[in-house]
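Heads up: the structure comes next, in structure tokens.
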Number of protein chains: 2
Amino acid sequence: MFLGRFAHTIDAKGRLTIPVRFRAAISGGAYVTQGFDRNLLVYTSETFQRVVERAARLTATNPEVRAVFRVIFGSAHEVELDTAGRILIQSFLREYAQLDAESTIVGAGQYFEIWNTEIWKQEAASVTDPEKNARRFADFDLSSG
Amino acid sequence: MFLGRFAHTIDAKGRLTIPVRFRAAISGGAYVTQGFDRNLLVYTSETFQRVVERAARLTATNPEVRAVFRVIFGSAHEVELDTAGRILIQSFLREYAQLDAESTIVGAGQYFEIWNTEIWKQEAASVTDPEKNARRFADFDLSSG
DNA sequence: GCACTTGTGGGTGGGAGTGGGGAGATGTGG
DNA sequence: CCACATCTCCCCACTCCCACCCACAAGTGC
């Protein structure tokens with residue numbers, strides 16, 4: 001499970017250090033894709049496999065399905081940790097998420113997100129708003145009870 | 001069960017001593033997350049697991065669900081007691097709860113809270129108001145009889 | 001007083017994150 | 001086939017933080 005929030009830098013070669021606590025989970029390989037927001041998502045091989053299997057049930061005669069295929073498969077890139085615990089992120093993915101040096105890694109359970117730190121701060125303002133969170137937790141019935 | 005109220009200090013390294021009475025309950029690990037107010041919550045592994053299971057049923061295609069994931073998973077941090085009975089609190093969590101040296105730990109049954117002592121005092125003004133408490137207990141049908 | 005517990009502060013070695021050199025692989029154009 | 005640029009991955013060096021260690025003050029019980 002991916003938990004927590006980390007401020008890391010992407011170096012001039014496009015490499016991003018993965019937090020130590022995340023490395024064991026993706027030691028068998030991981031997949032980076034574009035996210036639903038201006039961010040990137042990183043899945044373990046197993047989780048990505050489940051997404052692929054679900055997508056495979058859809059029929060490619062539907063143009064919207066083909067668009068989904070292009071997002072899921074066309075943006076996905078398999079990555080491995082180098083000896084220093086880093087991954088290399090393709091330039092087109094860095095461009096999509098507007099990643100420069102300052103990046104923020106956010107755990108999200110089955111996957112984790114990579115954000116440009118400036119863009120993340122805007123999202124964080126919403127995520128740390130007590131009133132909004134109270135409503136979210138009430139709507140989804142998530143009180144710790 | 002976590003009961004009582006304790007005034008402890010967070011040292012220059014971001015460490016907070018856990019009251020002795022709480023230590024056994026979290027000896028197997030604990031999770032710190034941002035609270036619903038300007039505070040932090042500390043769950044045992046078991047309690048946190050129940051929150052995670054409920055959240056896992058939601059689907060990430062909903063933007064509000066993604067925000068919930070960022071709160072639950074992105075703010076959570078697994079901590080362990082050091083040999084002196086302290087935990088290390090990540091800087092972004094300390095910022096969220098505005099924790100400086102003076103902190104107050106408040107038991108809340110299944111979990112406990114960490115407050116900036118100044119902010120806690122404002123909350124405590126409400127908690128120690130006999131009339132307000134009488135109304136709360138009446139509203140939630142909590143009289144011992 | 002003395003032993004012990006609890007909370008607090010600080011030193012330190014090793015691990016984590018970062019940056020850069022350089023060898024090898026890959027692609028392109030001539 | 002070669003020359004050249006680019007990319008990828010290896011290794012190494014450096015800084016900084018954290019987990020462990022110890023020290024000490026205050027409180028408690030005998």
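Residues are referred to by chain and number: the chain letter is A, B, ... according to the order shown in the structure tokens, the number counts from 1 in that chain, and ligands are numbered separately from 1 in the order shown.
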
task: Please return, as JSON, numbers by chain, all residues of chain A lying within 12 Å of chain B when only C-alpha atoms are considered.
output: {"A": [1, 2, 3, 4, 5, 6, 7, 21, 35, 36, 37, 41, 51, 104, 105, 106, 107, 108, 109, 110, 111, 112, 113, 114, 120, 121, 123, 124, 125, 126, 127, 128, 129, 130, 131, 132, 133, 134, 135, 136, 137, 138, 139, 140, 141, 142, 143, 144, 145]}

Output chain B as a short mmCIF file (atom, residue, chain, number, x, y, z; two decimals) with N, CA and C atoms, in the first residue's frame, after least-squares fitting it to chain A on all in-order C-alpha pairs.
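Output contents, as saved in result07.cif:
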```cif
data_model
loop_
_atom_site.label_atom_id
_atom_site.label_comp_id
_atom_site.auth_asym_id
_atom_site.auth_seq_id
_atom_site.Cartn_x
_atom_site.Cartn_y
_atom_site.Cartn_z
N MET B 1 0.87 -1.03 0.51
CA MET B 1 0.01 0.14 0.32
C MET B 1 0.86 1.41 0.30
N PHE B 2 0.52 2.32 -0.62
CA PHE B 2 1.30 3.55 -0.77
C PHE B 2 0.69 4.67 0.07
N LEU B 3 1.47 5.14 1.05
CA LEU B 3 0.99 6.17 1.97
C LEU B 3 1.99 7.31 2.04
N GLY B 4 1.49 8.51 2.29
CA GLY B 4 2.37 9.64 2.58
C GLY B 4 2.62 10.55 1.40
N ARG B 5 3.46 11.54 1.66
CA ARG B 5 3.69 12.61 0.70
C ARG B 5 5.18 12.95 0.74
N PHE B 6 5.82 13.09 -0.42
CA PHE B 6 7.26 13.29 -0.47
C PHE B 6 7.61 14.34 -1.51
N ALA B 7 8.52 15.24 -1.16
CA ALA B 7 9.01 16.24 -2.12
C ALA B 7 10.35 15.74 -2.67
N HIS B 8 10.37 15.39 -3.96
CA HIS B 8 11.60 14.94 -4.60
C HIS B 8 11.85 15.78 -5.85
N THR B 9 13.08 15.65 -6.37
CA THR B 9 13.39 16.42 -7.58
C THR B 9 13.60 15.47 -8.77
N ILE B 10 13.24 15.96 -9.94
CA ILE B 10 13.53 15.24 -11.18
C ILE B 10 14.79 15.87 -11.75
N ASP B 11 15.81 15.07 -12.00
CA ASP B 11 17.08 15.65 -12.45
C ASP B 11 17.06 15.92 -13.95
N ALA B 12 18.17 16.44 -14.44
CA ALA B 12 18.24 16.87 -15.84
C ALA B 12 18.02 15.72 -16.82
N LYS B 13 18.22 14.49 -16.36
CA LYS B 13 18.02 13.33 -17.23
C LYS B 13 16.60 12.77 -17.15
N GLY B 14 15.74 13.40 -16.38
CA GLY B 14 14.37 12.93 -16.29
C GLY B 14 14.16 11.82 -15.27
N ARG B 15 15.10 11.67 -14.36
CA ARG B 15 15.00 10.60 -13.36
C ARG B 15 14.37 11.10 -12.06
N LEU B 16 13.54 10.26 -11.46
CA LEU B 16 12.87 10.61 -10.21
C LEU B 16 13.17 9.54 -9.17
N THR B 17 13.69 9.96 -8.03
CA THR B 17 13.94 9.02 -6.94
C THR B 17 12.62 8.61 -6.29
N ILE B 18 12.41 7.31 -6.15
CA ILE B 18 11.22 6.77 -5.49
C ILE B 18 11.49 6.67 -4.00
N PRO B 19 10.55 7.10 -3.13
CA PRO B 19 10.77 6.99 -1.69
C PRO B 19 11.07 5.54 -1.30
N VAL B 20 11.96 5.39 -0.35
CA VAL B 20 12.37 4.04 0.07
C VAL B 20 11.17 3.17 0.42
N ARG B 21 10.19 3.75 1.10
CA ARG B 21 9.04 2.97 1.55
C ARG B 21 8.20 2.42 0.40
N PHE B 22 8.36 2.99 -0.80
CA PHE B 22 7.58 2.52 -1.95
C PHE B 22 8.33 1.48 -2.78
N ARG B 23 9.63 1.37 -2.53
CA ARG B 23 10.45 0.61 -3.49
C ARG B 23 10.13 -0.88 -3.51
N ALA B 24 9.94 -1.46 -2.34
CA ALA B 24 9.68 -2.90 -2.29
C ALA B 24 8.44 -3.25 -3.12
N ALA B 25 7.42 -2.42 -3.04
CA ALA B 25 6.15 -2.72 -3.72
C ALA B 25 6.29 -2.71 -5.24
N ILE B 26 7.27 -1.97 -5.77
CA ILE B 26 7.39 -1.91 -7.23
C ILE B 26 8.70 -2.53 -7.70
N SER B 27 9.33 -3.31 -6.84
CA SER B 27 10.60 -3.94 -7.23
C SER B 27 10.39 -4.88 -8.41
N GLY B 28 9.18 -5.43 -8.53
CA GLY B 28 8.90 -6.33 -9.65
C GLY B 28 8.44 -5.60 -10.89
N GLY B 29 8.69 -4.30 -10.97
CA GLY B 29 8.27 -3.53 -12.13
C GLY B 29 7.03 -2.72 -11.81
N ALA B 30 6.89 -1.62 -12.51
CA ALA B 30 5.75 -0.73 -12.30
C ALA B 30 5.37 -0.09 -13.63
N TYR B 31 4.17 0.48 -13.67
CA TYR B 31 3.69 1.13 -14.87
C TYR B 31 3.32 2.57 -14.56
N VAL B 32 3.87 3.50 -15.34
CA VAL B 32 3.54 4.91 -15.20
C VAL B 32 2.54 5.26 -16.29
N THR B 33 1.45 5.92 -15.94
CA THR B 33 0.49 6.39 -16.93
C THR B 33 0.09 7.82 -16.62
N GLN B 34 -0.60 8.45 -17.59
CA GLN B 34 -1.11 9.78 -17.30
C GLN B 34 -2.31 9.64 -16.37
N GLY B 35 -2.47 10.60 -15.45
CA GLY B 35 -3.55 10.55 -14.47
C GLY B 35 -4.79 11.27 -14.97
N PHE B 36 -5.79 11.33 -14.13
CA PHE B 36 -7.04 12.00 -14.50
C PHE B 36 -6.92 13.51 -14.33
N ASP B 37 -6.00 13.93 -13.50
CA ASP B 37 -5.71 15.34 -13.39
C ASP B 37 -4.35 15.58 -14.05
N ARG B 38 -3.76 16.74 -13.90
CA ARG B 38 -2.46 17.00 -14.51
C ARG B 38 -1.35 16.33 -13.70
N ASN B 39 -1.44 15.02 -13.59
CA ASN B 39 -0.44 14.28 -12.81
C ASN B 39 -0.19 12.93 -13.47
N LEU B 40 0.74 12.17 -12.91
CA LEU B 40 1.00 10.82 -13.40
C LEU B 40 0.62 9.82 -12.32
N LEU B 41 0.25 8.62 -12.73
CA LEU B 41 -0.07 7.55 -11.80
C LEU B 41 0.95 6.44 -11.96
N VAL B 42 1.34 5.84 -10.84
CA VAL B 42 2.25 4.70 -10.88
C VAL B 42 1.55 3.50 -10.26
N TYR B 43 1.39 2.45 -11.06
CA TYR B 43 0.75 1.23 -10.61
C TYR B 43 1.78 0.12 -10.44
N THR B 44 1.52 -0.79 -9.52
CA THR B 44 2.28 -2.04 -9.51
C THR B 44 1.83 -2.87 -10.71
N SER B 45 2.61 -3.87 -11.06
CA SER B 45 2.24 -4.74 -12.18
C SER B 45 0.87 -5.36 -11.96
N GLU B 46 0.60 -5.81 -10.73
CA GLU B 46 -0.67 -6.48 -10.44
C GLU B 46 -1.85 -5.54 -10.64
N THR B 47 -1.74 -4.32 -10.12
CA THR B 47 -2.85 -3.38 -10.23
C THR B 47 -3.08 -2.98 -11.67
N PHE B 48 -1.98 -2.75 -12.39
CA PHE B 48 -2.12 -2.37 -13.80
C PHE B 48 -2.78 -3.49 -14.59
N GLN B 49 -2.42 -4.72 -14.26
CA GLN B 49 -2.98 -5.87 -14.95
C GLN B 49 -4.50 -5.91 -14.83
N ARG B 50 -5.00 -5.52 -13.66
CA ARG B 50 -6.46 -5.53 -13.49
C ARG B 50 -7.13 -4.50 -14.38
N VAL B 51 -6.51 -3.34 -14.53
CA VAL B 51 -7.07 -2.31 -15.43
C VAL B 51 -7.07 -2.83 -16.87
N VAL B 52 -5.95 -3.45 -17.25
CA VAL B 52 -5.82 -3.97 -18.62
C VAL B 52 -6.89 -5.02 -18.91
N GLU B 53 -7.13 -5.90 -17.95
CA GLU B 53 -8.11 -6.96 -18.18
C GLU B 53 -9.50 -6.39 -18.43
N ARG B 54 -9.83 -5.35 -17.68
CA ARG B 54 -11.15 -4.76 -17.89
C ARG B 54 -11.23 -4.09 -19.25
N ALA B 55 -10.14 -3.40 -19.63
CA ALA B 55 -10.14 -2.70 -20.92
C ALA B 55 -10.19 -3.69 -22.08
N ALA B 56 -9.60 -4.86 -21.89
CA ALA B 56 -9.50 -5.84 -22.97
C ALA B 56 -10.87 -6.33 -23.42
N ARG B 57 -11.87 -6.16 -22.59
CA ARG B 57 -13.21 -6.64 -22.97
C ARG B 57 -13.89 -5.72 -23.96
N LEU B 58 -13.36 -4.49 -24.12
CA LEU B 58 -14.01 -3.52 -25.01
C LEU B 58 -13.60 -3.78 -26.45
N THR B 59 -14.43 -3.31 -27.38
CA THR B 59 -14.17 -3.56 -28.80
C THR B 59 -13.73 -2.28 -29.50
N ALA B 60 -12.66 -2.38 -30.29
CA ALA B 60 -11.99 -1.21 -30.87
C ALA B 60 -12.76 -0.59 -32.02
N THR B 61 -13.91 -1.13 -32.39
CA THR B 61 -14.68 -0.51 -33.47
C THR B 61 -15.37 0.77 -32.99
N ASN B 62 -15.50 0.93 -31.69
CA ASN B 62 -16.07 2.15 -31.10
C ASN B 62 -14.97 3.21 -30.96
N PRO B 63 -15.18 4.40 -31.56
CA PRO B 63 -14.13 5.44 -31.51
C PRO B 63 -13.74 5.83 -30.08
N GLU B 64 -14.69 5.88 -29.18
CA GLU B 64 -14.38 6.24 -27.80
C GLU B 64 -13.54 5.16 -27.12
N VAL B 65 -13.77 3.92 -27.50
CA VAL B 65 -12.94 2.83 -26.98
C VAL B 65 -11.51 2.97 -27.46
N ARG B 66 -11.37 3.37 -28.72
CA ARG B 66 -10.00 3.56 -29.22
C ARG B 66 -9.31 4.68 -28.45
N ALA B 67 -10.07 5.72 -28.11
CA ALA B 67 -9.48 6.81 -27.31
C ALA B 67 -9.06 6.28 -25.93
N VAL B 68 -9.89 5.42 -25.34
CA VAL B 68 -9.55 4.83 -24.04
C VAL B 68 -8.27 4.00 -24.16
N PHE B 69 -8.17 3.22 -25.23
CA PHE B 69 -6.96 2.42 -25.45
C PHE B 69 -5.74 3.33 -25.52
N ARG B 70 -5.91 4.47 -26.20
CA ARG B 70 -4.75 5.37 -26.35
C ARG B 70 -4.35 5.97 -25.01
N VAL B 71 -5.32 6.14 -24.13
CA VAL B 71 -4.99 6.65 -22.79
C VAL B 71 -4.30 5.56 -21.98
N ILE B 72 -4.95 4.39 -21.91
CA ILE B 72 -4.45 3.33 -21.02
C ILE B 72 -3.14 2.75 -21.54
N PHE B 73 -3.13 2.35 -22.81
CA PHE B 73 -1.95 1.67 -23.36
C PHE B 73 -0.94 2.67 -23.94
N GLY B 74 -1.46 3.69 -24.61
CA GLY B 74 -0.57 4.62 -25.28
C GLY B 74 0.17 5.55 -24.33
N SER B 75 -0.38 5.73 -23.14
CA SER B 75 0.32 6.59 -22.19
C SER B 75 1.10 5.79 -21.17
N ALA B 76 0.90 4.48 -21.15
CA ALA B 76 1.56 3.65 -20.13
C ALA B 76 3.01 3.38 -20.51
N HIS B 77 3.84 3.32 -19.52
CA HIS B 77 5.23 3.00 -19.77
C HIS B 77 5.75 2.15 -18.62
N GLU B 78 6.30 0.99 -18.96
CA GLU B 78 6.83 0.13 -17.92
C GLU B 78 8.18 0.68 -17.47
N VAL B 79 8.38 0.77 -16.17
CA VAL B 79 9.63 1.32 -15.65
C VAL B 79 10.21 0.36 -14.62
N GLU B 80 11.52 0.46 -14.44
CA GLU B 80 12.19 -0.30 -13.40
C GLU B 80 13.08 0.62 -12.60
N LEU B 81 13.30 0.26 -11.35
CA LEU B 81 14.18 1.05 -10.51
C LEU B 81 15.61 0.86 -10.95
N ASP B 82 16.39 1.95 -11.01
CA ASP B 82 17.82 1.78 -11.26
C ASP B 82 18.49 1.47 -9.92
N THR B 83 19.81 1.34 -9.96
CA THR B 83 20.51 0.90 -8.76
C THR B 83 20.41 1.92 -7.62
N ALA B 84 20.01 3.16 -7.92
CA ALA B 84 19.86 4.19 -6.90
C ALA B 84 18.39 4.38 -6.50
N GLY B 85 17.52 3.50 -6.96
CA GLY B 85 16.12 3.60 -6.57
C GLY B 85 15.34 4.64 -7.35
N ARG B 86 15.78 4.94 -8.57
CA ARG B 86 15.09 5.94 -9.39
C ARG B 86 14.39 5.30 -10.56
N ILE B 87 13.42 6.00 -11.15
CA ILE B 87 12.82 5.59 -12.41
C ILE B 87 13.04 6.70 -13.43
N LEU B 88 13.08 6.30 -14.69
CA LEU B 88 13.21 7.27 -15.78
C LEU B 88 11.83 7.51 -16.36
N ILE B 89 11.41 8.77 -16.40
CA ILE B 89 10.07 9.12 -16.88
C ILE B 89 10.17 9.67 -18.29
N GLN B 90 9.44 9.05 -19.22
CA GLN B 90 9.46 9.47 -20.62
C GLN B 90 9.10 10.95 -20.75
N SER B 91 9.67 11.60 -21.75
CA SER B 91 9.49 13.05 -21.87
C SER B 91 8.03 13.42 -22.11
N PHE B 92 7.27 12.60 -22.89
CA PHE B 92 5.89 13.01 -23.17
C PHE B 92 5.04 12.94 -21.91
N LEU B 93 5.40 12.07 -20.97
CA LEU B 93 4.67 12.03 -19.70
C LEU B 93 5.04 13.21 -18.82
N ARG B 94 6.33 13.58 -18.85
CA ARG B 94 6.75 14.75 -18.08
C ARG B 94 6.03 16.00 -18.59
N GLU B 95 5.88 16.07 -19.92
CA GLU B 95 5.19 17.22 -20.48
C GLU B 95 3.73 17.26 -20.04
N TYR B 96 3.08 16.10 -20.10
CA TYR B 96 1.65 16.06 -19.75
C TYR B 96 1.44 16.57 -18.33
N ALA B 97 2.28 16.13 -17.40
CA ALA B 97 2.10 16.51 -15.99
C ALA B 97 2.86 17.79 -15.66
N GLN B 98 3.46 18.40 -16.69
CA GLN B 98 4.21 19.65 -16.51
C GLN B 98 5.27 19.51 -15.42
N LEU B 99 5.95 18.38 -15.43
CA LEU B 99 6.95 18.12 -14.40
C LEU B 99 8.25 18.82 -14.75
N ASP B 100 8.74 19.64 -13.83
CA ASP B 100 10.10 20.15 -13.96
C ASP B 100 10.87 19.61 -12.76
N ALA B 101 11.78 20.35 -12.23
CA ALA B 101 12.61 19.82 -11.16
C ALA B 101 11.80 19.48 -9.90
N GLU B 102 10.96 20.39 -9.46
CA GLU B 102 10.27 20.22 -8.18
C GLU B 102 9.03 19.35 -8.34
N SER B 103 9.06 18.15 -7.74
CA SER B 103 7.93 17.24 -7.88
C SER B 103 7.48 16.76 -6.51
N THR B 104 6.21 16.37 -6.45
CA THR B 104 5.65 15.84 -5.21
C THR B 104 5.05 14.47 -5.49
N ILE B 105 5.41 13.51 -4.63
CA ILE B 105 4.90 12.15 -4.75
C ILE B 105 3.86 11.95 -3.66
N VAL B 106 2.68 11.49 -4.06
CA VAL B 106 1.57 11.37 -3.12
C VAL B 106 1.04 9.94 -3.14
N GLY B 107 1.08 9.28 -1.99
CA GLY B 107 0.53 7.92 -1.88
C GLY B 107 -0.97 7.94 -2.03
N ALA B 108 -1.53 6.90 -2.67
CA ALA B 108 -2.98 6.84 -2.88
C ALA B 108 -3.48 5.41 -2.75
N GLY B 109 -2.88 4.66 -1.83
CA GLY B 109 -3.36 3.30 -1.57
C GLY B 109 -2.78 2.29 -2.55
N GLN B 110 -3.58 1.92 -3.56
CA GLN B 110 -3.16 0.90 -4.51
C GLN B 110 -2.15 1.43 -5.52
N TYR B 111 -2.06 2.75 -5.59
CA TYR B 111 -1.13 3.36 -6.54
C TYR B 111 -0.60 4.63 -5.90
N PHE B 112 0.32 5.34 -6.56
CA PHE B 112 0.70 6.66 -6.08
C PHE B 112 0.80 7.65 -7.24
N GLU B 113 0.77 8.92 -6.91
CA GLU B 113 0.70 9.98 -7.91
C GLU B 113 1.99 10.80 -7.92
N ILE B 114 2.31 11.36 -9.09
CA ILE B 114 3.45 12.27 -9.22
C ILE B 114 2.91 13.60 -9.73
N TRP B 115 3.21 14.66 -9.01
CA TRP B 115 2.69 15.99 -9.35
C TRP B 115 3.84 16.98 -9.53
N ASN B 116 3.63 17.96 -10.40
CA ASN B 116 4.41 19.18 -10.34
C ASN B 116 4.06 19.83 -9.01
N THR B 117 5.07 20.21 -8.23
CA THR B 117 4.82 20.70 -6.87
C THR B 117 3.92 21.93 -6.85
N GLU B 118 4.08 22.80 -7.85
CA GLU B 118 3.23 23.99 -7.90
C GLU B 118 1.76 23.62 -8.08
N ILE B 119 1.52 22.67 -9.01
CA ILE B 119 0.13 22.24 -9.26
C ILE B 119 -0.41 21.50 -8.04
N TRP B 120 0.48 20.72 -7.41
CA TRP B 120 0.06 19.99 -6.22
C TRP B 120 -0.41 20.94 -5.12
N LYS B 121 0.29 22.05 -4.96
CA LYS B 121 -0.07 22.97 -3.89
C LYS B 121 -1.51 23.45 -4.03
N GLN B 122 -1.92 23.70 -5.27
CA GLN B 122 -3.30 24.11 -5.48
C GLN B 122 -4.26 23.00 -5.07
N GLU B 123 -3.93 21.77 -5.47
CA GLU B 123 -4.75 20.63 -5.07
C GLU B 123 -4.73 20.46 -3.56
N ALA B 124 -3.53 20.65 -2.97
CA ALA B 124 -3.38 20.46 -1.53
C ALA B 124 -4.22 21.46 -0.75
N ALA B 125 -4.40 22.65 -1.32
CA ALA B 125 -5.23 23.64 -0.64
C ALA B 125 -6.63 23.09 -0.41
N SER B 126 -7.08 22.28 -1.36
CA SER B 126 -8.39 21.66 -1.19
C SER B 126 -8.33 20.49 -0.21
N VAL B 127 -7.25 19.69 -0.33
CA VAL B 127 -7.14 18.49 0.51
C VAL B 127 -6.98 18.85 1.99
N THR B 128 -6.37 20.02 2.27
CA THR B 128 -6.12 20.36 3.66
C THR B 128 -7.19 21.28 4.24
N ASP B 129 -8.27 21.48 3.50
CA ASP B 129 -9.39 22.28 4.02
C ASP B 129 -10.26 21.38 4.89
N PRO B 130 -10.28 21.62 6.22
CA PRO B 130 -11.00 20.72 7.13
C PRO B 130 -12.48 20.58 6.78
N GLU B 131 -13.11 21.69 6.39
CA GLU B 131 -14.55 21.61 6.11
C GLU B 131 -14.84 20.73 4.90
N LYS B 132 -14.04 20.97 3.83
CA LYS B 132 -14.26 20.16 2.62
C LYS B 132 -14.03 18.68 2.91
N ASN B 133 -12.98 18.39 3.70
CA ASN B 133 -12.70 16.99 4.00
C ASN B 133 -13.82 16.35 4.82
N ALA B 134 -14.35 17.10 5.78
CA ALA B 134 -15.44 16.56 6.58
C ALA B 134 -16.61 16.18 5.67
N ARG B 135 -16.89 17.07 4.69
CA ARG B 135 -18.00 16.77 3.79
C ARG B 135 -17.71 15.54 2.93
N ARG B 136 -16.45 15.45 2.44
CA ARG B 136 -16.08 14.28 1.62
C ARG B 136 -16.25 12.98 2.39
N PHE B 137 -15.72 12.98 3.62
CA PHE B 137 -15.80 11.75 4.41
C PHE B 137 -17.25 11.39 4.71
N ALA B 138 -18.07 12.42 4.90
CA ALA B 138 -19.49 12.16 5.16
C ALA B 138 -20.16 11.60 3.90
N ASP B 139 -19.85 12.23 2.74
CA ASP B 139 -20.48 11.78 1.50
C ASP B 139 -20.18 10.32 1.19
N PHE B 140 -18.93 9.92 1.49
CA PHE B 140 -18.53 8.56 1.12
C PHE B 140 -18.56 7.59 2.30
N ASP B 141 -19.13 8.03 3.41
CA ASP B 141 -19.30 7.15 4.57
C ASP B 141 -17.98 6.51 4.97
N LEU B 142 -16.99 7.36 5.28
CA LEU B 142 -15.66 6.85 5.57
C LEU B 142 -15.22 7.10 7.01
N SER B 143 -16.13 7.51 7.87
CA SER B 143 -15.71 7.71 9.26
C SER B 143 -15.32 6.38 9.88
N SER B 144 -14.33 6.41 10.76
CA SER B 144 -13.71 5.17 11.23
C SER B 144 -14.68 4.32 12.04
N GLY B 145 -15.64 4.98 12.71
CA GLY B 145 -16.56 4.23 13.60
C GLY B 145 -17.30 3.14 12.87
#
```

I'd like a table as a tab-separated table: residues in chain D with an atom no more than 12 Å from chain B, each row giving the shortest atom pair and its distance in Å to one decimal, only C-alpha atoms (C1' of nucleotides) counted, sorted by chain and rising residue number.
```
residue	atom	partner	partner_atom	distance
D:DC17	C1'	B:Lys13	CA	9.5
D:DC18	C1'	B:Leu88	CA	9.0
D:DA19	C1'	B:Asp82	CA	7.6
D:DC20	C1'	B:Thr83	CA	7.9
D:DC21	C1'	B:Thr83	CA	9.2
D:DC22	C1'	B:Ala84	CA	11.2
```

Interatomic distance (Å, one decimal) between C1' of DC9 in chain D and C1' of DG14 in chain C: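 For C1' of DC9 in chain D relative to C1' of DG14 in chain C, the distance reads 25.6 Å.
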
- prompt: If we count only C-alpha atoms (C1' of nucleotides), which residues of chain C reach to within 9 Å of chain A? Please list them as a ChimeraX atom specification.
  reply: /C:16-19

query: Which of chain B counts as helix (DSSP H, G or I) under DSSP, as an MDAnalysis selection string please?
result: chainID B and resid 20:26 45:56 63:72 91:96 117:127 130:139

- prompt: How many Å lie between C1' of DC2 in chain C and C1' of DC24 in chain D, rounded to one decimal?
  reply: 16.6 Å

query: Of the candidates C:DC4, C:DG30, C:DG24, C:DG11, which one gets nearest to DC10 in chain D if we count only C-alpha atoms (C1' of nucleotides)?
result: C:DG24

task: Check the DSSP output for the backbone and give back, as a PyMOL selection string, the residues of range 63-144 of chain A in strand (DSSP E).
output: chain A and resi 77-79+86-88+102-107+111-116

Selected residues written out with C-alpha atoms, as a CSV table (one decimal), in the first residue's frame:
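out_16.csv written:
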```csv
chain,number,residue,atom,x,y,z
A,77,HIS,CA,5.4,3.1,-19.9
A,78,GLU,CA,7.0,0.3,-18.1
A,79,VAL,CA,9.8,1.4,-15.7
A,86,ARG,CA,15.2,5.9,-9.3
A,87,ILE,CA,13.0,5.6,-12.4
A,88,LEU,CA,13.4,7.3,-15.7
A,102,GLU,CA,10.4,20.2,-8.0
A,103,SER,CA,8.0,17.2,-7.8
A,104,THR,CA,5.7,15.8,-5.2
A,105,ILE,CA,4.9,12.1,-4.8
A,106,VAL,CA,1.5,11.3,-3.2
A,107,GLY,CA,0.5,7.8,-2.1
A,111,TYR,CA,-1.1,3.4,-6.8
A,112,PHE,CA,0.7,6.6,-6.3
A,113,GLU,CA,0.8,10.0,-8.1
A,114,ILE,CA,3.5,12.3,-9.3
A,115,TRP,CA,2.8,16.0,-9.4
A,116,ASN,CA,4.6,19.2,-10.3
```
